[in-house]
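Participant: Sending over input.pdb (PDB, C-alpha atoms and all ligand atoms).
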```pdb
MODEL        1
ATOM      1  CA  MET Z  89       0.000   0.000   0.000  1.00  0.00           C
ATOM      2  CA  GLY Z  90       2.696   2.476   0.924  1.00  0.00           C
ATOM      3  CA  ILE Z  91       2.937   5.771   2.720  1.00  0.00           C
ATOM      4  CA  ALA Z  92       2.797   9.458   1.878  1.00  0.00           C
ATOM      5  CA  ILE Z  93       4.853  12.088   3.719  1.00  0.00           C
ATOM      6  CA  SER Z  94       3.303  15.545   3.819  1.00  0.00           C
ATOM      7  CA  ASP Z  95       5.824  18.225   2.934  1.00  0.00           C
ATOM      8  CA  SER Z  96       3.632  20.813   4.636  1.00  0.00           C
ATOM      9  CA  LEU Z  97       3.396  18.935   7.971  1.00  0.00           C
ATOM     10  CA  CYS Z  98       6.861  17.369   8.253  1.00  0.00           C
ATOM     11  CA  HIS Z  99       9.240  19.573  10.250  1.00  0.00           C
ATOM     12  CA  GLY Z 100      12.199  17.211   9.991  1.00  0.00           C
ATOM     13  CA  CYS Z 101      12.353  16.416  13.722  1.00  0.00           C
ATOM     14  CA  LYS Z 102      15.089  19.024  13.829  1.00  0.00           C
ATOM     15  CA  LYS Z 103      15.347  19.025  17.622  1.00  0.00           C
ATOM     16  CA  LEU Z 104      16.348  15.355  17.612  1.00  0.00           C
ATOM     17  CA  PRO Z 105      19.697  13.825  16.598  1.00  0.00           C
ATOM     18  CA  GLU Z 106      17.781  11.745  14.032  1.00  0.00           C
ATOM     19  CA  ALA Z 107      14.235  11.966  12.735  1.00  0.00           C
ATOM     20  CA  ARG Z 108      11.817   9.540  14.361  1.00  0.00           C
ATOM     21  CA  CYS Z 109      10.660   8.053  11.066  1.00  0.00           C
ATOM     22  CA  VAL Z 110      14.249   7.513   9.892  1.00  0.00           C
ATOM     23  CA  VAL Z 111      15.082   5.655  13.110  1.00  0.00           C
ATOM     24  CA  ALA Z 112      11.827   3.671  13.072  1.00  0.00           C
ATOM     25  CA  CYS Z 113      12.046   2.264   9.548  1.00  0.00           C
ATOM     26  CA  PRO Z 114      13.491  -1.258   9.675  1.00  0.00           C
ATOM     27  CA  GLY Z 115      14.300  -1.129   5.974  1.00  0.00           C
ATOM     28  CA  ASN Z 116      16.222   2.165   6.092  1.00  0.00           C
ATOM     29  CA  LEU Z 117      13.846   3.495   3.457  1.00  0.00           C
ATOM     30  CA  ILE Z 118      13.442   7.056   4.712  1.00  0.00           C
ATOM     31  CA  ARG Z 119      16.076   9.761   4.480  1.00  0.00           C
ATOM     32  CA  MET Z 120      16.162  13.502   4.951  1.00  0.00           C
ATOM     33  CA  ASP Z 121      16.251  15.809   1.944  1.00  0.00           C
ATOM     34  CA  PRO Z 122      19.359  18.003   1.521  1.00  0.00           C
ATOM     35  CA  SER Z 123      17.799  20.802   3.592  1.00  0.00           C
ATOM     36  CA  GLY Z 124      17.390  18.395   6.527  1.00  0.00           C
ATOM     37  CA  SER Z 125      13.866  19.609   7.176  1.00  0.00           C
ATOM     38  CA  LEU Z 126      11.826  17.126   5.148  1.00  0.00           C
ATOM     39  CA  ALA Z 127      11.690  13.336   5.241  1.00  0.00           C
ATOM     40  CA  VAL Z 128      11.482  11.568   1.887  1.00  0.00           C
ATOM     41  CA  MET Z 129      11.144   7.958   0.774  1.00  0.00           C
ATOM     42  CA  ARG Z 130      14.122   6.312  -0.862  1.00  0.00           C
ATOM     43  CA  GLU Z 131      12.137   3.619  -2.675  1.00  0.00           C
ATOM     44  CA  GLN Z 132       8.386   3.275  -2.215  1.00  0.00           C
ATOM     45  CA  ALA Z 133       8.401  -0.162  -3.845  1.00  0.00           C
ATOM     46  CA  ASP Z 134      10.582  -1.555  -1.046  1.00  0.00           C
ATOM     47  CA  CYS Z 135       8.166  -0.506   1.723  1.00  0.00           C
ATOM     48  CA  TRP Z 136       6.660  -3.537   3.437  1.00  0.00           C
ATOM     49  CA  ASP Z 137       3.865  -1.613   5.144  1.00  0.00           C
ATOM     50  CA  CYS Z 138       4.900  -2.089   8.746  1.00  0.00           C
ATOM     51  CA  TYR Z 139       3.844   1.540   9.502  1.00  0.00           C
ATOM     52  CA  ALA Z 140       6.407   2.039  12.231  1.00  0.00           C
ATOM     53  CA  CYS Z 141       7.207   5.408  10.648  1.00  0.00           C
ATOM     54  CA  VAL Z 142       3.536   6.396  10.508  1.00  0.00           C
ATOM     55  CA  LYS Z 143       3.019   5.660  14.180  1.00  0.00           C
ATOM     56  CA  MET Z 144       6.164   7.418  15.357  1.00  0.00           C
ATOM     57  CA  CYS Z 145       5.728  10.732  13.550  1.00  0.00           C
ATOM     58  CA  PRO Z 146       4.888  13.312  16.249  1.00  0.00           C
ATOM     59  CA  VAL Z 147       2.899  15.555  13.927  1.00  0.00           C
ATOM     60  CA  GLY Z 148       0.941  13.047  11.849  1.00  0.00           C
ATOM     61  CA  ALA Z 149       2.858  13.915   8.695  1.00  0.00           C
ATOM     62  CA  ILE Z 150       2.866  10.340   7.378  1.00  0.00           C
ATOM     63  CA  ASP Z 151      -0.338   8.761   6.107  1.00  0.00           C
ATOM     64  CA  ILE Z 152      -1.127   5.249   4.951  1.00  0.00           C
ATOM     65  CA  VAL Z 153      -2.324   5.382   1.377  1.00  0.00           C
ATOM     66  CA  LEU Z 154      -5.076   2.822   0.844  1.00  0.00           C
ATOM     67  CA  PRO Z 155      -5.459   1.486  -2.688  1.00  0.00           C
ATOM     68  CA  TYR Z 156      -8.673   2.033  -4.599  1.00  0.00           C
ATOM     69  CA  GLU Z 157      -9.310  -1.722  -4.761  1.00  0.00           C
ATOM     70  CA  LEU Z 158      -9.323  -1.941  -0.966  1.00  0.00           C
ATOM     71  CA  ALA Z 159     -11.008   1.267   0.122  1.00  0.00           C
ATOM     72  CA  GLY Z 160     -12.850   2.657  -2.882  1.00  0.00           C
ATOM     73  CA  ARG Z 161     -12.432   6.375  -3.393  1.00  0.00           C
ATOM     74  CA  GLU Z 162      -9.239   8.103  -2.292  1.00  0.00           C
ATOM     75  CA  ALA Z 163      -8.737   6.891   1.272  1.00  0.00           C
ATOM     76  CA  ARG Z 164      -6.115   7.273   3.984  1.00  0.00           C
ATOM     77  CA  LEU Z 165      -5.487   6.039   7.488  1.00  0.00           C
ATOM     78  CA  VAL Z 166      -4.122   8.754   9.741  1.00  0.00           C
ATOM     79  CA  PRO Z 167      -2.765   7.920  13.206  1.00  0.00           C
ATOM     80  CA  LYS Z 168      -2.667  10.057  16.326  1.00  0.00           C
ATOM     81  CA  LEU Z 169      -0.191   8.703  18.844  1.00  0.00           C
ATOM     82  CA  ARG Z 170      -1.201   9.094  22.482  1.00  0.00           C
ATOM     83  CA  ARG Z 171       0.481   8.078  25.700  1.00  0.00           C
ATOM     84  CA  GLU Z 172      -1.391   4.781  26.087  1.00  0.00           C
ATOM     85  CA  SER Z 173      -3.117   4.324  22.781  1.00  0.00           C
ATOM     86  CA  ILE Z 174      -3.051   5.082  19.117  1.00  0.00           C
ATOM     87  CA  ARG Z 175      -6.129   6.430  17.377  1.00  0.00           C
ATOM     88  CA  TRP Z 176      -6.552   5.712  13.677  1.00  0.00           C
ATOM     89  CA  THR Z 177      -8.882   7.837  11.598  1.00  0.00           C
ATOM     90  CA  LEU Z 178     -10.118   6.496   8.301  1.00  0.00           C
ATOM     91  CA  SER Z 179     -10.507   9.369   5.892  1.00  0.00           C
ATOM     92  CA  VAL Z 180     -12.270   8.809   2.584  1.00  0.00           C
ATOM     93  CA  ALA Z 181     -12.161  11.549  -0.020  1.00  0.00           C
ATOM     94  CA  GLY Z 182     -11.040  14.099   2.575  1.00  0.00           C
ATOM     95  CA  GLU Z 183     -13.776  13.347   5.093  1.00  0.00           C
ATOM     96  CA  SER Z 184     -13.099  11.631   8.437  1.00  0.00           C
ATOM     97  CA  ASP Z 185     -15.379   8.638   8.562  1.00  0.00           C
ATOM     98  CA  GLN Z 186     -14.374   6.290  11.374  1.00  0.00           C
ATOM     99  CA  THR Z 187     -11.906   6.133  14.232  1.00  0.00           C
ATOM    100  CA  PHE Z 188     -10.303   3.091  15.834  1.00  0.00           C
ATOM    101  CA  GLU Z 189      -8.417   3.258  19.126  1.00  0.00           C
ATOM    102  CA  LEU Z 190      -5.888   0.614  20.134  1.00  0.00           C
ATOM    103  CA  ALA Z 191      -3.470   0.227  23.024  1.00  0.00           C
ATOM    104  CA  THR Z 192       0.059   1.235  22.121  1.00  0.00           C
ATOM    105  CA  ARG Z 193       3.379  -0.341  23.029  1.00  0.00           C
ATOM    106  CA  VAL Z 194       5.521   2.681  22.299  1.00  0.00           C
ATOM    107  CA  PRO Z 195       8.282   2.914  24.923  1.00  0.00           C
ATOM    108  CA  GLU Z 196       7.718   5.701  27.438  1.00  0.00           C
ATOM    109  CA  GLU Z 197      11.113   7.278  26.716  1.00  0.00           C
ATOM    110  CA  LEU Z 198      10.205   7.835  23.066  1.00  0.00           C
ATOM    111  CA  LEU Z 199       6.957   9.562  23.953  1.00  0.00           C
ATOM    112  CA  GLU Z 200       8.813  11.877  26.292  1.00  0.00           C
ATOM    113  CA  THR Z 201      11.362  12.901  23.641  1.00  0.00           C
ATOM    114  CA  GLU Z 202      10.693  16.387  22.291  1.00  0.00           C
ATOM    115  CA  PRO Z 203      10.269  16.273  18.484  1.00  0.00           C
TER
HETATM  116  S1  LIG Q 301       8.904  11.767  12.058  1.00  0.00           S
HETATM  117 FE1  LIG Q 301       7.394  13.072  10.987  1.00  0.00          FE
HETATM  118  S2  LIG Q 301       8.051  15.181  11.396  1.00  0.00           S
HETATM  119 FE2  LIG Q 301       9.791  13.829  11.888  1.00  0.00          FE
HETATM  120  S3  LIG Q 301      10.997  13.796   9.984  1.00  0.00           S
HETATM  121 FE3  LIG Q 301       9.605  12.012   9.932  1.00  0.00          FE
HETATM  122  S4  LIG Q 301       7.796  12.731   8.799  1.00  0.00           S
HETATM  123 FE4  LIG Q 301       8.947  14.540   9.423  1.00  0.00          FE
HETATM  124  S1  LIG Q 302       5.895   1.589   6.534  1.00  0.00           S
HETATM  125 FE1  LIG Q 302       7.606   0.498   7.529  1.00  0.00          FE
HETATM  126  S2  LIG Q 302       8.887  -0.202   5.833  1.00  0.00           S
HETATM  127 FE2  LIG Q 302       7.513   1.351   4.997  1.00  0.00          FE
HETATM  128  S3  LIG Q 302       8.702   3.263   5.117  1.00  0.00           S
HETATM  129 FE3  LIG Q 302       7.461   3.128   6.990  1.00  0.00          FE
HETATM  130  S4  LIG Q 302       8.767   2.148   8.525  1.00  0.00           S
HETATM  131 FE4  LIG Q 302       9.683   1.789   6.480  1.00  0.00          FE
ENDMDL
END
```
Just give me the structure of the file as structure tokens.
Facilitator:
Amino acid sequence: MGIAISDSLCHGCKKLPEARCVVACPGNLIRMDPSGSLAVMREQADCWDCYACVKMCPVGAIDIVLPYELAGREARLVPKLRRESIRWTLSVAGESDQTFELATRVPEELLETEP
């Protein structure tokens, strides 16, 4: 399915030694652009849809892009990471339709790190 990184929302995690999404990706598929303030995909085709990057972004700049065959019209899953849970919002054609809330296992020290 793949991901999409918003160039208007991503701030590059500049206060951190390394961007959260870069650290989270087990395939080393995300890098920073030359300015250092925007995360970009190296190779979308190599993404195995684990969504570690999506969940770890502190500003919700990474969406899951759902294919037409699975979700119909243009659809995305957008996460909001909370201290003890993660809330997913299914957005179809720009409208928020449903939310799902699940317990999270994100280590406390990561949640406390300033982005
Ligand atoms: S974690 Fe989010 S804000 Fe930080 S660099 Fe990645 S996409 Fe940008
Ligand atoms: S979904 Fe997983 S494999 Fe794909 S870019 Fe994000 S962290 Fe990497």
Participant: Using only C-alpha atoms and all ligand atoms, which of the listed residues (Z:Asp121, Z:Lys168, Z:Leu126, Z:Glu131) sits closest to ligand LIG 301 (chain Q)?
Facilitator: Z:Leu126
Participant: Find, counting all atoms listed in the file, the residue in Z:Gly115, Z:Pro167, Z:Gly148, Z:Gly124 that gets nearest to Leu190 of chain Z.
Facilitator: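 Nearest to Leu190 of chain Z: Z:Pro167.
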Participant: So, with all atoms listed in the file as the atoms that count, which of Z:Leu117, Z:Met89, Z:Ala149, Z:Cys135 lies closest to ligand LIG 301 (chain Q)?
Facilitator: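 The answer is Z:Ala149, which sits nearest to ligand LIG 301 (chain Q).
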Participant: Taking all atoms listed in the file into account, list the residues no farther than 10 Å from ligand LIG 301 (chain Q), as a ChimeraX atom specification.
Facilitator: /Z:92-104,106-112,118-121,124-129,141-151,203
Participant: What would the selection look like, as an mmCIF file with C-alpha atoms, keeping the file's coordinate frame, if the PyMOL selection byres (((chain Z and resi 170-180) around 10) and not hetatm) were run on the coordinates I just shared?
Facilitator:
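Output below, filename selection00.cif:
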```
data_model
loop_
_atom_site.group_PDB
_atom_site.id
_atom_site.type_symbol
_atom_site.label_atom_id
_atom_site.label_comp_id
_atom_site.auth_asym_id
_atom_site.auth_seq_id
_atom_site.Cartn_x
_atom_site.Cartn_y
_atom_site.Cartn_z
ATOM 1 C CA LYS Z 143 3.019 5.660 14.180
ATOM 2 C CA PRO Z 146 4.888 13.312 16.249
ATOM 3 C CA ILE Z 152 -1.127 5.249 4.951
ATOM 4 C CA LEU Z 154 -5.076 2.822 0.844
ATOM 5 C CA ALA Z 159 -11.008 1.267 0.122
ATOM 6 C CA GLY Z 160 -12.850 2.657 -2.882
ATOM 7 C CA ARG Z 161 -12.432 6.375 -3.393
ATOM 8 C CA GLU Z 162 -9.239 8.103 -2.292
ATOM 9 C CA ALA Z 163 -8.737 6.891 1.272
ATOM 10 C CA ARG Z 164 -6.115 7.273 3.984
ATOM 11 C CA LEU Z 165 -5.487 6.039 7.488
ATOM 12 C CA VAL Z 166 -4.122 8.754 9.741
ATOM 13 C CA PRO Z 167 -2.765 7.920 13.206
ATOM 14 C CA LYS Z 168 -2.667 10.057 16.326
ATOM 15 C CA LEU Z 169 -0.191 8.703 18.844
ATOM 16 C CA ALA Z 181 -12.161 11.549 -0.020
ATOM 17 C CA GLY Z 182 -11.040 14.099 2.575
ATOM 18 C CA GLU Z 183 -13.776 13.347 5.093
ATOM 19 C CA SER Z 184 -13.099 11.631 8.437
ATOM 20 C CA ASP Z 185 -15.379 8.638 8.562
ATOM 21 C CA GLN Z 186 -14.374 6.290 11.374
ATOM 22 C CA THR Z 187 -11.906 6.133 14.232
ATOM 23 C CA PHE Z 188 -10.303 3.091 15.834
ATOM 24 C CA GLU Z 189 -8.417 3.258 19.126
ATOM 25 C CA LEU Z 190 -5.888 0.614 20.134
ATOM 26 C CA ALA Z 191 -3.470 0.227 23.024
ATOM 27 C CA THR Z 192 0.059 1.235 22.121
ATOM 28 C CA ARG Z 193 3.379 -0.341 23.029
ATOM 29 C CA VAL Z 194 5.521 2.681 22.299
ATOM 30 C CA PRO Z 195 8.282 2.914 24.923
ATOM 31 C CA GLU Z 196 7.718 5.701 27.438
ATOM 32 C CA LEU Z 199 6.957 9.562 23.953
ATOM 33 C CA GLU Z 200 8.813 11.877 26.292
#
```
Participant: Distance atom CA of Ala133 of chain Z-atom CA of Gly90 of chain Z, one decimal place?
Facilitator: 7.9 Å
Participant: Between atom CA of Asn116 of chain Z and atom CA of Trp136 of chain Z, what is the spacing in Å?
Facilitator: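 Between atom CA of Trp136 of chain Z and atom CA of Asn116 of chain Z the gap works out to 11.4 Å.
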Participant: Is it possible to get the axis-aligned box enclosing ligand LIG 302 (chain Q) (all listed atoms, 8 Å extra per side) as lines of an AutoDock Vina configuration file, with centre and edge lengths in Å rounded to one decimal?
Facilitator:
```
center_x = 7.8
center_y = 1.5
center_z = 6.8
size_x = 19.8
size_y = 19.5
size_z = 19.5
```
Participant: Can you tell me how far atom S3 of ligand LIG 302 (chain Q) sits from atom CA of Pro105 of chain Z, in Å to one decimal?
Facilitator: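 Computing the Euclidean distance for atom S3 of ligand LIG 302 (chain Q) and atom CA of Pro105 of chain Z yields 19.1 Å.
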Participant: Which is closer to ligand LIG 302 (chain Q) than all the others in Z:Cys113, Z:Pro122, Z:Pro155, Z:Asp134, using only C-alpha atoms and all ligand atoms?
Facilitator: Z:Cys113
Participant: Of the candidates Z:Tyr139, Z:Ser123, Z:Tyr156, Z:Arg130, which shows the shortest atom-to-atom distance to ligand LIG 302 (chain Q), using all atoms listed in the file?
Facilitator: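 For ligand LIG 302 (chain Q), the nearest of the given residues is Z:Tyr139.
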